[in-house]
Amino acid sequence: MIEPVIAIHGGAGAISRSRITPDMQRAYEEALCEVLQGGGQVLAQGGSALDAVTEAVRLLEECPLFNAGHGAVFTRDAGHELDAAIMDGRSRACGAVANVRTVRNPVLAARAVMEHSPHVFFVGEGAEAFAREQGLECVDPAFFSTPHRLEQLREAQSAGAEFIVLDHDAARVAPLDETRKMGTVGAVALDARGDLAAATSTGGMTNKWPGRVGDSPIVGAGCYANNATCAVSSTGKGEAFIRAVAAYDISALMEYGGLPLAEAARRVVHDKLPLVDGAGGLIAVDAQGHVVMPFNTEGMYRGCLRSGGKPEVAIYR
C-alpha cells in the first residue's frame with residue numbers, strides 16, 4: 001500500500017523571530033494548514049498527485065500572505081508579473097507560464113499549457129492569450145495588489161532606483177517581519193497509485209526589472225517531478241537555482257549517484273547552492289513517500305500532510 005502525502009512551502013528567507021507576533025505566526029500556520037487540507041482532500045478522495053499540487057498551489061495563490069497571485073510583489077514599474085510551472089512525474093509532461101499580468105491563477109495556466117498545447121512554456125502576451133482561449137479567469141492587475149506589497153516597493157525604491165529586494169536577502173535591509181514576507185510557493189505530492197507531481201508559483205521579487213524571470217517556471221530549476229526519483233519545488237534566489245539546475249540535480253543525484261532523497265537534497269541546498277550565492281530551500285518527496293524540506297536560511301514556511309494524519313507546519317528550524 002502506498003500512503004499518499006503532500007508537502008507545501010510558502011517561501012524561505014531571513015524571517016526574524018524578533019519581528020513576528022503570535023497573531024502573525026498563527027495566521028501563517030493556519031493558512032498553511034488550510035492549504036494542506038485542501039490538497040490533502042484531493043488525495044484522500046483518490047485524486048492524483050497532479051490534481052493535489054494544482055489545488056494546493058491555487059490556494060496559495062489566493063492567499064495574500066504569500067508572494068504568488070493575490071499578494072504578489074511589485075516590479076520596478078509598479079506592476080505584477082507572475083510565473084508558474086507544473087510537472088507530472090508519471091509522464092514527465094510539464095507546462096509553464098511567465099510574466100503574466102492578468103491570469104488569476106498562473107498554476108492553472110501552466111497546467112493548461114501542459115495538457116492543451118503541444119508546447120511547454122508560454123510567456124507574456126502569448127501566455128495571456130492562451131489562458132483566455134482556455135477559458136481561465138483573468139482579472140484586472142489591481143487584483144494582485146495589497147498595501148503591504150506596495151509599501152515594500154516604496155521602501156526598496158527609497159534605497160535606490162536599482163535596489164532589488166530578493167526573496168531571501170535580508171542582509172542589506174531591516175529583518176523581514178511577517179507583513180513583509182516574500183517568496184515563492186509550491187507543492188509536491190505522492191498519490192495512492194505511486195505517481196509524483198510538483199508545482200511552483202511566484203510573483204517574483206520586489207523592484208525587479210520588468211521581464212525578469214526566475215527559477216519558478218523553469219522546469220529543472222524551480223520545479224521537477226519524475227516517478228523514478230522524486231518531486232521537487234524550490235524557493236530561493238532564482239538566479240542561483242537556475243545556475244545550479246537545483247530541482248533536477250536532486251533527481252540526478254538519486255538516479256545516477258544512488259543517493260537517498262535526504263542526502264541528495266542536503267548536498268544541493270547546503271553544499272552546492274551556497275557556491276553560487278544560493279539562499280533558499282525546497283520541498284521534495286520520493287517514490288517511497290519520504291519527505292524532506294531543507295533550507296539554508298533562517299526559516300521557511302512549510303508543511304506536510306500524510307493520508308489520515310494531521311497537518312504538520314513550521315516556520316523556523
# chains A, B, ... in the order shown; residues from 1 in each chain; ligands from 1
$ residues_around --residues "Ala84 (chain A)" --least-positions-apart "2" --cutoff "9 Å" --atoms "only C-alpha atoms" --output "number ranges by chain"
A: 68, 82, 86, 95-98, 105-110, 199-203, 216-218
$ write_last_selection --atoms "all heavy atoms" --output "short mmCIF file (atom, residue, chain, number, x, y, z; two decimals), in the first residue's frame"
data_model
loop_
_atom_site.label_atom_id
_atom_site.label_comp_id
_atom_site.auth_asym_id
_atom_site.auth_seq_id
_atom_site.Cartn_x
_atom_site.Cartn_y
_atom_site.Cartn_z
N ALA A 68 2.46 35.16 -4.43
CA ALA A 68 2.01 34.46 -5.64
C ALA A 68 0.55 34.84 -5.82
O ALA A 68 -0.21 34.85 -4.86
CB ALA A 68 2.15 32.95 -5.49
N LEU A 82 3.69 37.45 -13.03
CA LEU A 82 3.54 36.19 -12.32
C LEU A 82 4.07 35.02 -13.15
O LEU A 82 3.92 35.00 -14.38
CB LEU A 82 2.07 35.96 -11.98
CG LEU A 82 1.33 37.16 -11.38
CD1 LEU A 82 -0.14 36.82 -11.18
CD2 LEU A 82 1.97 37.57 -10.07
N ILE A 86 4.35 23.43 -13.62
CA ILE A 86 3.82 22.19 -13.05
C ILE A 86 4.40 21.03 -13.83
O ILE A 86 4.70 21.15 -15.02
CB ILE A 86 2.27 22.19 -13.12
CG1 ILE A 86 1.69 21.05 -12.27
CG2 ILE A 86 1.77 22.13 -14.55
CD1 ILE A 86 0.19 21.20 -12.02
N GLY A 95 4.31 22.00 -17.93
CA GLY A 95 3.85 23.24 -18.53
C GLY A 95 4.26 24.42 -17.67
O GLY A 95 4.42 24.28 -16.45
N ALA A 96 4.43 25.57 -18.29
CA ALA A 96 4.87 26.75 -17.55
C ALA A 96 4.41 28.03 -18.23
O ALA A 96 4.21 28.05 -19.46
CB ALA A 96 6.39 26.75 -17.41
N VAL A 97 4.25 29.07 -17.43
CA VAL A 97 3.97 30.41 -17.93
C VAL A 97 4.84 31.40 -17.17
O VAL A 97 5.20 31.16 -16.02
CB VAL A 97 2.48 30.81 -17.78
CG1 VAL A 97 1.59 29.93 -18.64
CG2 VAL A 97 2.04 30.78 -16.32
N ALA A 98 5.15 32.50 -17.81
CA ALA A 98 5.95 33.54 -17.14
C ALA A 98 5.49 34.92 -17.59
O ALA A 98 5.01 35.09 -18.72
CB ALA A 98 7.43 33.36 -17.45
N ASN A 105 -4.93 32.69 -11.66
CA ASN A 105 -4.19 31.56 -11.10
C ASN A 105 -3.19 31.03 -12.12
O ASN A 105 -3.52 30.17 -12.94
CB ASN A 105 -5.14 30.46 -10.67
CG ASN A 105 -6.05 30.87 -9.53
OD1 ASN A 105 -7.25 31.00 -9.70
ND2 ASN A 105 -5.47 31.09 -8.36
N PRO A 106 -1.96 31.52 -12.08
CA PRO A 106 -0.94 31.08 -13.04
C PRO A 106 -0.72 29.57 -13.06
O PRO A 106 -0.40 29.01 -14.10
CB PRO A 106 0.30 31.83 -12.59
CG PRO A 106 -0.24 33.08 -11.96
CD PRO A 106 -1.48 32.64 -11.25
N VAL A 107 -0.90 28.89 -11.92
CA VAL A 107 -0.70 27.44 -11.91
C VAL A 107 -1.70 26.75 -12.83
O VAL A 107 -1.38 25.73 -13.46
CB VAL A 107 -0.76 26.87 -10.48
CG1 VAL A 107 -2.17 26.92 -9.91
CG2 VAL A 107 -0.23 25.45 -10.46
N LEU A 108 -2.92 27.29 -12.92
CA LEU A 108 -3.91 26.70 -13.82
C LEU A 108 -3.52 26.94 -15.28
O LEU A 108 -3.76 26.09 -16.15
CB LEU A 108 -5.30 27.29 -13.55
CG LEU A 108 -5.87 27.06 -12.14
CD1 LEU A 108 -7.28 27.62 -12.05
CD2 LEU A 108 -5.86 25.58 -11.78
N ALA A 109 -2.91 28.09 -15.55
CA ALA A 109 -2.43 28.35 -16.90
C ALA A 109 -1.29 27.41 -17.26
O ALA A 109 -1.22 26.89 -18.38
CB ALA A 109 -1.98 29.80 -17.02
N ALA A 110 -0.38 27.17 -16.30
CA ALA A 110 0.73 26.25 -16.55
C ALA A 110 0.20 24.85 -16.86
O ALA A 110 0.68 24.17 -17.78
CB ALA A 110 1.66 26.21 -15.34
N ALA A 199 4.51 21.46 -8.33
CA ALA A 199 4.08 22.73 -8.91
C ALA A 199 4.70 23.87 -8.12
O ALA A 199 4.88 23.76 -6.90
CB ALA A 199 2.56 22.85 -8.90
N THR A 200 5.01 24.96 -8.81
CA THR A 200 5.65 26.12 -8.19
C THR A 200 5.06 27.39 -8.80
O THR A 200 4.75 27.42 -9.99
CB THR A 200 7.17 26.10 -8.43
OG1 THR A 200 7.70 24.84 -8.05
CG2 THR A 200 7.87 27.18 -7.63
N SER A 201 4.89 28.44 -7.99
CA SER A 201 4.32 29.69 -8.48
C SER A 201 4.94 30.85 -7.72
O SER A 201 5.28 30.71 -6.53
CB SER A 201 2.80 29.68 -8.30
OG SER A 201 2.21 30.87 -8.79
N THR A 202 5.06 32.01 -8.37
CA THR A 202 5.66 33.16 -7.70
C THR A 202 5.25 34.48 -8.32
O THR A 202 4.85 34.54 -9.49
CB THR A 202 7.20 33.07 -7.74
OG1 THR A 202 7.76 34.07 -6.89
CG2 THR A 202 7.73 33.27 -9.15
N GLY A 203 5.38 35.52 -7.53
CA GLY A 203 5.21 36.88 -8.03
C GLY A 203 6.54 37.56 -8.30
O GLY A 203 6.58 38.74 -8.64
N SER A 216 11.26 29.75 -10.77
CA SER A 216 9.98 29.09 -10.50
C SER A 216 9.34 28.44 -11.72
O SER A 216 8.87 27.30 -11.63
CB SER A 216 8.99 30.08 -9.86
OG SER A 216 9.46 30.49 -8.60
N PRO A 217 9.29 29.11 -12.89
CA PRO A 217 8.64 28.47 -14.03
C PRO A 217 9.59 27.64 -14.89
O PRO A 217 9.18 27.12 -15.94
CB PRO A 217 8.12 29.67 -14.82
CG PRO A 217 9.18 30.70 -14.63
CD PRO A 217 9.66 30.50 -13.19
N ILE A 218 10.84 27.51 -14.46
CA ILE A 218 11.82 26.77 -15.27
C ILE A 218 11.93 25.35 -14.76
O ILE A 218 12.39 25.08 -13.65
CB ILE A 218 13.19 27.48 -15.23
CG1 ILE A 218 13.06 28.87 -15.85
CG2 ILE A 218 14.24 26.64 -15.96
CD1 ILE A 218 14.33 29.67 -15.84
#
$ select_by_dssp --residues "region 132-314 of chain A" --states "helix (DSSP H, G or I)" --output "PyMOL selection string"
chain A and resi 132-133+141-144+147-158+178-180+238-244+246-255+261-276
$ closest_atom_pairs --of "region 224-246 of chain A" --to "region 284-302 of chain A" --cutoff "10 Å" --atoms "only C-alpha atoms" --output "JSON lines"
{"residue": "A:Tyr224", "atom": "CA", "partner": "A:Ala284", "partner_atom": "CA", "distance": 9.4}
{"residue": "A:Ala225", "atom": "CA", "partner": "A:Ala284", "partner_atom": "CA", "distance": 9.2}
{"residue": "A:Asn226", "atom": "CA", "partner": "A:Ala287", "partner_atom": "CA", "distance": 8.7}
{"residue": "A:Asn227", "atom": "CA", "partner": "A:Ala287", "partner_atom": "CA", "distance": 6.2}
{"residue": "A:Ala228", "atom": "CA", "partner": "A:Ala287", "partner_atom": "CA", "distance": 6.7}
{"residue": "A:Thr229", "atom": "CA", "partner": "A:Asp286", "partner_atom": "CA", "distance": 5.7}
{"residue": "A:Cys230", "atom": "CA", "partner": "A:Asp286", "partner_atom": "CA", "distance": 4.0}
{"residue": "A:Ala231", "atom": "CA", "partner": "A:Ala284", "partner_atom": "CA", "distance": 5.4}
{"residue": "A:Val232", "atom": "CA", "partner": "A:Ala284", "partner_atom": "CA", "distance": 4.4}
{"residue": "A:Ser233", "atom": "CA", "partner": "A:Ala284", "partner_atom": "CA", "distance": 6.6}
{"residue": "A:Ser234", "atom": "CA", "partner": "A:Ala284", "partner_atom": "CA", "distance": 8.7}
{"residue": "A:Thr235", "atom": "CA", "partner": "A:Met300", "partner_atom": "CA", "distance": 8.9}
{"residue": "A:Gly236", "atom": "CA", "partner": "A:Phe295", "partner_atom": "CA", "distance": 9.1}
$ residues_around --residues "region 27-32 of chain A" --least-positions-apart "2" --cutoff "8 Å" --atoms "only C-alpha atoms" --output "list in words"
Ile8, Gly10, Asp23, Met24, Gln25, Glu34, Val35, Leu36, Cys63, Leu65, Tyr301, Arg302, Gly303, Val313 and Ala314 of chain A
$ closest_atom_pairs --of "region 1-76 of chain A" --to "region 101-104 of chain A" --cutoff "10 Å" --atoms "only C-alpha atoms" --output "tab-separated table"
residue	atom	partner	partner_atom	distance
A:Arg58	CA	A:Arg104	CA	9.3
A:Glu61	CA	A:Arg104	CA	8.3
A:Glu62	CA	A:Arg104	CA	8.5
A:Ala68	CA	A:Arg104	CA	9.9
A:Gly69	CA	A:Arg104	CA	6.4
A:His70	CA	A:Arg104	CA	7.8
$ residues_around --residues "Ala129 (chain A)" --least-positions-apart "2" --cutoff "12 Å" --atoms "only C-alpha atoms" --output "JSON list (two decimals) with N, CA and C atoms, in the first residue's frame"
[["chain", "number", "residue", "atom", "x", "y", "z"],
["A", 97, "VAL", "N", 4.25, 29.07, -17.43],
["A", 97, "VAL", "CA", 3.97, 30.41, -17.93],
["A", 97, "VAL", "C", 4.84, 31.40, -17.17],
["A", 100, "VAL", "N", 2.98, 36.77, -16.71],
["A", 100, "VAL", "CA", 1.57, 37.02, -16.95],
["A", 100, "VAL", "C", 1.09, 38.09, -15.98],
["A", 101, "ARG", "N", 0.16, 38.91, -16.42],
["A", 101, "ARG", "CA", -0.25, 40.07, -15.64],
["A", 101, "ARG", "C", -1.72, 40.06, -15.23],
["A", 102, "THR", "N", -2.52, 39.21, -15.87],
["A", 102, "THR", "CA", -3.96, 39.24, -15.58],
["A", 102, "THR", "C", -4.54, 37.87, -15.25],
["A", 103, "VAL", "N", -3.77, 36.79, -15.39],
["A", 103, "VAL", "CA", -4.28, 35.45, -15.12],
["A", 103, "VAL", "C", -4.39, 35.25, -13.61],
["A", 109, "ALA", "N", -2.91, 28.09, -15.55],
["A", 109, "ALA", "CA", -2.43, 28.35, -16.90],
["A", 109, "ALA", "C", -1.29, 27.41, -17.26],
["A", 113, "VAL", "N", -1.21, 24.72, -20.34],
["A", 113, "VAL", "CA", -0.14, 24.60, -21.34],
["A", 113, "VAL", "C", 0.28, 23.14, -21.48],
["A", 122, "PHE", "N", 4.94, 29.17, -22.18],
["A", 122, "PHE", "CA", 4.42, 30.38, -22.81],
["A", 122, "PHE", "C", 4.78, 31.58, -21.93],
["A", 123, "VAL", "N", 5.06, 32.73, -22.55],
["A", 123, "VAL", "CA", 5.40, 33.92, -21.78],
["A", 123, "VAL", "C", 4.60, 35.13, -22.26],
["A", 124, "GLY", "N", 4.48, 36.10, -21.37],
["A", 124, "GLY", "CA", 3.92, 37.39, -21.71],
["A", 124, "GLY", "C", 2.56, 37.35, -22.39],
["A", 125, "GLU", "N", 2.43, 38.13, -23.46],
["A", 125, "GLU", "CA", 1.15, 38.25, -24.14],
["A", 125, "GLU", "C", 0.67, 36.93, -24.71],
["A", 126, "GLY", "N", 1.60, 36.10, -25.17],
["A", 126, "GLY", "CA", 1.20, 34.80, -25.69],
["A", 126, "GLY", "C", 0.60, 33.92, -24.62],
["A", 127, "ALA", "N", 1.16, 33.98, -23.42],
["A", 127, "ALA", "CA", 0.61, 33.22, -22.30],
["A", 127, "ALA", "C", -0.76, 33.74, -21.90],
["A", 131, "ALA", "N", -4.25, 31.60, -22.09],
["A", 131, "ALA", "CA", -5.09, 31.42, -20.90],
["A", 131, "ALA", "C", -6.53, 31.82, -21.19],
["A", 132, "ARG", "N", -6.70, 32.92, -21.90],
["A", 132, "ARG", "CA", -8.06, 33.36, -22.24],
["A", 132, "ARG", "C", -8.74, 32.34, -23.15],
["A", 133, "GLU", "N", -8.01, 31.82, -24.12],
["A", 133, "GLU", "CA", -8.57, 30.82, -25.04],
["A", 133, "GLU", "C", -9.01, 29.57, -24.29],
["A", 134, "GLN", "N", -8.32, 29.26, -23.20],
["A", 134, "GLN", "CA", -8.66, 28.07, -22.41],
["A", 134, "GLN", "C", -9.77, 28.33, -21.40],
["A", 135, "GLY", "N", -10.28, 29.56, -21.39],
["A", 135, "GLY", "CA", -11.38, 29.90, -20.51],
["A", 135, "GLY", "C", -10.99, 30.15, -19.06],
["A", 136, "LEU", "N", -9.70, 30.40, -18.82],
["A", 136, "LEU", "CA", -9.25, 30.67, -17.46],
["A", 136, "LEU", "C", -9.63, 32.08, -17.04],
["A", 137, "GLU", "N", -9.86, 32.27, -15.75],
["A", 137, "GLU", "CA", -10.29, 33.57, -15.25],
["A", 137, "GLU", "C", -9.14, 34.58, -15.32],
["A", 138, "CYS", "N", -9.42, 35.71, -15.92],
["A", 138, "CYS", "CA", -8.46, 36.81, -15.97],
["A", 138, "CYS", "C", -9.06, 38.00, -15.21]]
$ closest_residue --among "A:Ile2, A:Ala244, A:Val53, A:Ala78" --to "Gln152 (chain A)" --atoms "only C-alpha atoms"
A:Ala78
$ closest_atom_pairs --of "region 48-153 of chain A" --to "region 209-214 of chain A" --cutoff "9 Å" --atoms "only C-alpha atoms" --output "tab-separated table"
residue	atom	partner	partner_atom	distance
A:Thr75	CA	A:Pro210	CA	6.2
A:Arg76	CA	A:Trp209	CA	5.7
A:Asp77	CA	A:Pro210	CA	7.1
A:Gly79	CA	A:Pro210	CA	8.4
A:His80	CA	A:Pro210	CA	8.8
A:Glu81	CA	A:Pro210	CA	7.7
A:Asp83	CA	A:Val213	CA	7.6
A:Ala98	CA	A:Val213	CA	6.9
A:Asn99	CA	A:Gly211	CA	6.6
A:Gly124	CA	A:Gly211	CA	8.6
$ atom_distance --atom1 "CA of Arg243 (chain A)" --atom2 "CA of Gly280 (chain A)"
13.7 Å
$ residues_around --residues "Ala192 (chain A)" --least-positions-apart "3" --cutoff "12 Å" --atoms "only C-alpha atoms" --output "PyMOL selection string"
chain A and resi 1-6+40+42-50+52+189+195-196+287-289+306-307
$ atom_distance --atom1 "CA of Asp191 (chain A)" --atom2 "CA of Cys33 (chain A)"
18.9 Å
$ residues_around --residues "Val245 (chain A)" --least-positions-apart "5" --cutoff "12 Å" --atoms "only C-alpha atoms" --output "compact mmCIF listing (two decimals) with all heavy atoms, in the first residue's frame"
# COMPACT_ATOMS: atom_id res chain seq x y z
N GLY A 214 12.61 34.24 -12.96
CA GLY A 214 13.43 33.47 -12.04
C GLY A 214 13.32 31.98 -12.29
O GLY A 214 12.96 31.53 -13.37
N ASP A 215 13.58 31.21 -11.25
CA ASP A 215 13.62 29.76 -11.42
C ASP A 215 12.25 29.10 -11.37
O ASP A 215 12.08 27.99 -11.87
CB ASP A 215 14.50 29.14 -10.32
CG ASP A 215 13.88 29.29 -8.93
OD1 ASP A 215 13.59 30.44 -8.54
OD2 ASP A 215 13.70 28.28 -8.25
N SER A 216 11.26 29.75 -10.77
CA SER A 216 9.98 29.09 -10.50
C SER A 216 9.34 28.44 -11.72
O SER A 216 8.87 27.30 -11.63
CB SER A 216 8.99 30.08 -9.86
OG SER A 216 9.46 30.49 -8.60
N ILE A 218 10.84 27.51 -14.46
CA ILE A 218 11.82 26.77 -15.27
C ILE A 218 11.93 25.35 -14.76
O ILE A 218 12.39 25.08 -13.65
CB ILE A 218 13.19 27.48 -15.23
CG1 ILE A 218 13.06 28.87 -15.85
CG2 ILE A 218 14.24 26.64 -15.96
CD1 ILE A 218 14.33 29.67 -15.84
N VAL A 219 11.46 24.42 -15.59
CA VAL A 219 11.49 23.01 -15.23
C VAL A 219 12.94 22.57 -15.06
O VAL A 219 13.78 22.81 -15.92
CB VAL A 219 10.77 22.17 -16.30
CG1 VAL A 219 10.97 20.68 -16.03
CG2 VAL A 219 9.29 22.51 -16.32
N GLY A 220 13.23 21.94 -13.93
CA GLY A 220 14.59 21.52 -13.61
C GLY A 220 15.28 22.46 -12.65
O GLY A 220 16.23 22.06 -11.97
N ALA A 221 14.82 23.68 -12.57
CA ALA A 221 15.40 24.65 -11.64
C ALA A 221 14.49 24.84 -10.43
O ALA A 221 14.87 24.58 -9.29
CB ALA A 221 15.66 25.97 -12.34
N GLY A 222 13.26 25.31 -10.69
CA GLY A 222 12.34 25.54 -9.60
C GLY A 222 11.28 24.49 -9.43
O GLY A 222 10.53 24.50 -8.45
N CYS A 223 11.21 23.54 -10.37
CA CYS A 223 10.15 22.54 -10.34
C CYS A 223 10.60 21.32 -11.13
O CYS A 223 11.16 21.45 -12.22
CB CYS A 223 8.88 23.14 -10.98
SG CYS A 223 7.44 22.07 -10.98
N TYR A 224 10.37 20.12 -10.57
CA TYR A 224 10.71 18.90 -11.30
C TYR A 224 10.00 17.72 -10.65
O TYR A 224 9.81 17.69 -9.43
CB TYR A 224 12.22 18.65 -11.28
CG TYR A 224 12.63 17.51 -12.19
CD1 TYR A 224 12.65 17.68 -13.57
CD2 TYR A 224 12.96 16.26 -11.68
CE1 TYR A 224 12.99 16.64 -14.42
CE2 TYR A 224 13.30 15.22 -12.52
CZ TYR A 224 13.32 15.41 -13.89
OH TYR A 224 13.65 14.37 -14.73
N VAL A 232 10.08 17.85 -6.75
CA VAL A 232 10.76 18.95 -6.06
C VAL A 232 10.12 20.28 -6.41
O VAL A 232 9.79 20.54 -7.57
CB VAL A 232 12.26 19.01 -6.45
CG1 VAL A 232 12.96 20.13 -5.68
CG2 VAL A 232 12.94 17.67 -6.21
N SER A 233 9.95 21.15 -5.42
CA SER A 233 9.57 22.54 -5.64
C SER A 233 10.53 23.43 -4.85
O SER A 233 10.69 23.23 -3.64
CB SER A 233 8.13 22.81 -5.21
OG SER A 233 7.81 24.19 -5.36
N SER A 234 11.15 24.37 -5.52
CA SER A 234 12.19 25.20 -4.91
C SER A 234 11.67 26.58 -4.52
O SER A 234 10.68 27.07 -5.06
CB SER A 234 13.36 25.38 -5.89
OG SER A 234 13.84 24.15 -6.34
N GLY A 238 16.37 33.05 -7.26
CA GLY A 238 16.10 32.35 -8.50
C GLY A 238 17.28 32.17 -9.43
O GLY A 238 17.46 31.10 -10.02
N GLU A 239 18.10 33.22 -9.55
CA GLU A 239 19.24 33.13 -10.46
C GLU A 239 20.18 32.00 -10.05
O GLU A 239 20.71 31.27 -10.89
CB GLU A 239 19.99 34.46 -10.48
CG GLU A 239 19.32 35.56 -11.30
CD GLU A 239 18.05 36.13 -10.67
OE1 GLU A 239 17.76 35.83 -9.50
OE2 GLU A 239 17.34 36.89 -11.36
N ALA A 240 20.35 31.80 -8.76
CA ALA A 240 21.24 30.74 -8.27
C ALA A 240 20.63 29.37 -8.51
O ALA A 240 21.33 28.42 -8.89
CB ALA A 240 21.52 30.93 -6.78
N ILE A 250 18.78 17.20 -7.76
CA ILE A 250 18.41 16.24 -6.72
C ILE A 250 18.01 14.92 -7.35
O ILE A 250 18.46 13.84 -6.93
CB ILE A 250 17.27 16.81 -5.86
CG1 ILE A 250 17.77 18.00 -5.05
CG2 ILE A 250 16.71 15.74 -4.93
CD1 ILE A 250 16.70 18.73 -4.29
N SER A 251 17.19 14.98 -8.39
CA SER A 251 16.79 13.76 -9.10
C SER A 251 17.99 13.05 -9.70
O SER A 251 18.10 11.82 -9.63
CB SER A 251 15.77 14.09 -10.19
OG SER A 251 15.43 12.95 -10.94
N ALA A 252 18.91 13.80 -10.27
CA ALA A 252 20.09 13.20 -10.90
C ALA A 252 21.00 12.53 -9.87
O ALA A 252 21.53 11.44 -10.12
CB ALA A 252 20.87 14.27 -11.68
N LEU A 253 21.16 13.16 -8.72
CA LEU A 253 21.97 12.55 -7.67
C LEU A 253 21.36 11.24 -7.20
O LEU A 253 22.08 10.29 -6.85
CB LEU A 253 22.11 13.52 -6.49
CG LEU A 253 23.04 14.70 -6.70
CD1 LEU A 253 22.88 15.74 -5.60
CD2 LEU A 253 24.49 14.24 -6.79
N VAL A 268 22.51 19.53 -2.36
CA VAL A 268 22.13 20.64 -3.23
C VAL A 268 21.93 21.92 -2.41
O VAL A 268 22.46 22.99 -2.75
CB VAL A 268 20.87 20.30 -4.03
CG1 VAL A 268 20.34 21.54 -4.75
CG2 VAL A 268 21.18 19.21 -5.05
N VAL A 269 21.17 21.83 -1.33
CA VAL A 269 20.82 23.02 -0.55
C VAL A 269 21.98 23.56 0.27
O VAL A 269 22.19 24.78 0.33
CB VAL A 269 19.61 22.72 0.35
CG1 VAL A 269 19.34 23.89 1.31
CG2 VAL A 269 18.38 22.45 -0.50
N LYS A 272 25.95 22.80 -2.63
CA LYS A 272 26.06 23.33 -3.99
C LYS A 272 25.51 24.75 -4.14
O LYS A 272 26.15 25.61 -4.75
CB LYS A 272 25.36 22.39 -4.97
CG LYS A 272 26.05 21.05 -5.14
CD LYS A 272 25.46 20.26 -6.30
CE LYS A 272 26.28 19.01 -6.59
NZ LYS A 272 25.78 18.31 -7.81
N LEU A 273 24.33 25.00 -3.61
CA LEU A 273 23.73 26.32 -3.79
C LEU A 273 24.55 27.46 -3.18
O LEU A 273 24.69 28.52 -3.81
CB LEU A 273 22.31 26.33 -3.24
CG LEU A 273 21.25 25.71 -4.15
CD1 LEU A 273 19.94 25.52 -3.41
CD2 LEU A 273 21.04 26.57 -5.39
N VAL A 276 27.04 29.31 -5.38
CA VAL A 276 26.59 30.28 -6.38
C VAL A 276 25.66 31.31 -5.73
O VAL A 276 24.71 31.79 -6.36
CB VAL A 276 25.90 29.58 -7.57
CG1 VAL A 276 26.90 28.86 -8.43
CG2 VAL A 276 24.79 28.63 -7.10
N GLY A 278 23.43 30.96 -3.44
CA GLY A 278 22.07 30.45 -3.46
C GLY A 278 21.45 30.31 -2.09
O GLY A 278 21.65 29.30 -1.40
$ closest_residue --among "A:Ser158, A:Ser145, A:Ser18, A:Thr184" --to "Gly71 (chain A)" --atoms "only C-alpha atoms"
A:Ser145
$ closest_residue --among "A:Val188, A:Ala112, A:Ala85, A:Met205" --to "Leu282 (chain A)" --atoms "only C-alpha atoms"
A:Val188
$ select_by_dssp --residues "region 12-200 of chain A" --states "strand (DSSP E or B)" --output "PyMOL selection string"
chain A and resi 12-13+15+75+82-88+94-100+103+121-123+138+165+176+185-190+196-200
$ closest_residue --among "A:Lys310, A:Arg266, A:Lys237, A:Arg149" --to "Gly13 (chain A)" --atoms "only C-alpha atoms"
A:Lys237
$ atom_distance --atom1 "CA of Glu128 (chain A)" --atom2 "CA of Ala246 (chain A)"
27.9 Å
$ decode --residues "region 283-293 of chain A" --atoms "N, CA, C and O atoms" --output "compact mmCIF listing (two decimals), in the first residue's frame"
# COMPACT_ATOMS: atom_id res chain seq x y z
N ILE A 283 11.18 21.76 -1.08
CA ILE A 283 10.46 20.61 -0.54
C ILE A 283 10.54 19.51 -1.58
O ILE A 283 10.56 19.77 -2.78
N ALA A 284 10.58 18.27 -1.12
CA ALA A 284 10.69 17.15 -2.05
C ALA A 284 10.10 15.90 -1.42
O ALA A 284 10.13 15.71 -0.21
N VAL A 285 9.55 15.03 -2.27
CA VAL A 285 9.03 13.73 -1.84
C VAL A 285 9.50 12.71 -2.86
O VAL A 285 9.57 12.98 -4.06
N ASP A 286 9.88 11.51 -2.39
CA ASP A 286 10.34 10.49 -3.32
C ASP A 286 9.26 9.43 -3.54
O ASP A 286 8.15 9.52 -2.98
N ALA A 287 9.58 8.44 -4.35
CA ALA A 287 8.61 7.44 -4.74
C ALA A 287 8.18 6.55 -3.59
O ALA A 287 7.16 5.84 -3.68
N GLN A 288 8.94 6.55 -2.49
CA GLN A 288 8.58 5.77 -1.31
C GLN A 288 7.82 6.60 -0.27
O GLN A 288 7.47 6.09 0.80
N GLY A 289 7.62 7.88 -0.56
CA GLY A 289 6.88 8.73 0.35
C GLY A 289 7.71 9.45 1.38
O GLY A 289 7.18 10.09 2.29
N HIS A 290 9.04 9.39 1.27
CA HIS A 290 9.90 10.17 2.17
C HIS A 290 9.81 11.64 1.79
O HIS A 290 9.88 11.99 0.61
N VAL A 291 9.66 12.49 2.78
CA VAL A 291 9.56 13.93 2.55
C VAL A 291 10.73 14.64 3.21
O VAL A 291 11.09 14.35 4.36
N VAL A 292 11.35 15.59 2.48
CA VAL A 292 12.39 16.44 3.06
C VAL A 292 12.07 17.88 2.73
O VAL A 292 11.45 18.18 1.71
N MET A 293 12.46 18.79 3.63
CA MET A 293 12.19 20.22 3.45
C MET A 293 13.38 21.04 3.93
O MET A 293 13.28 21.84 4.86
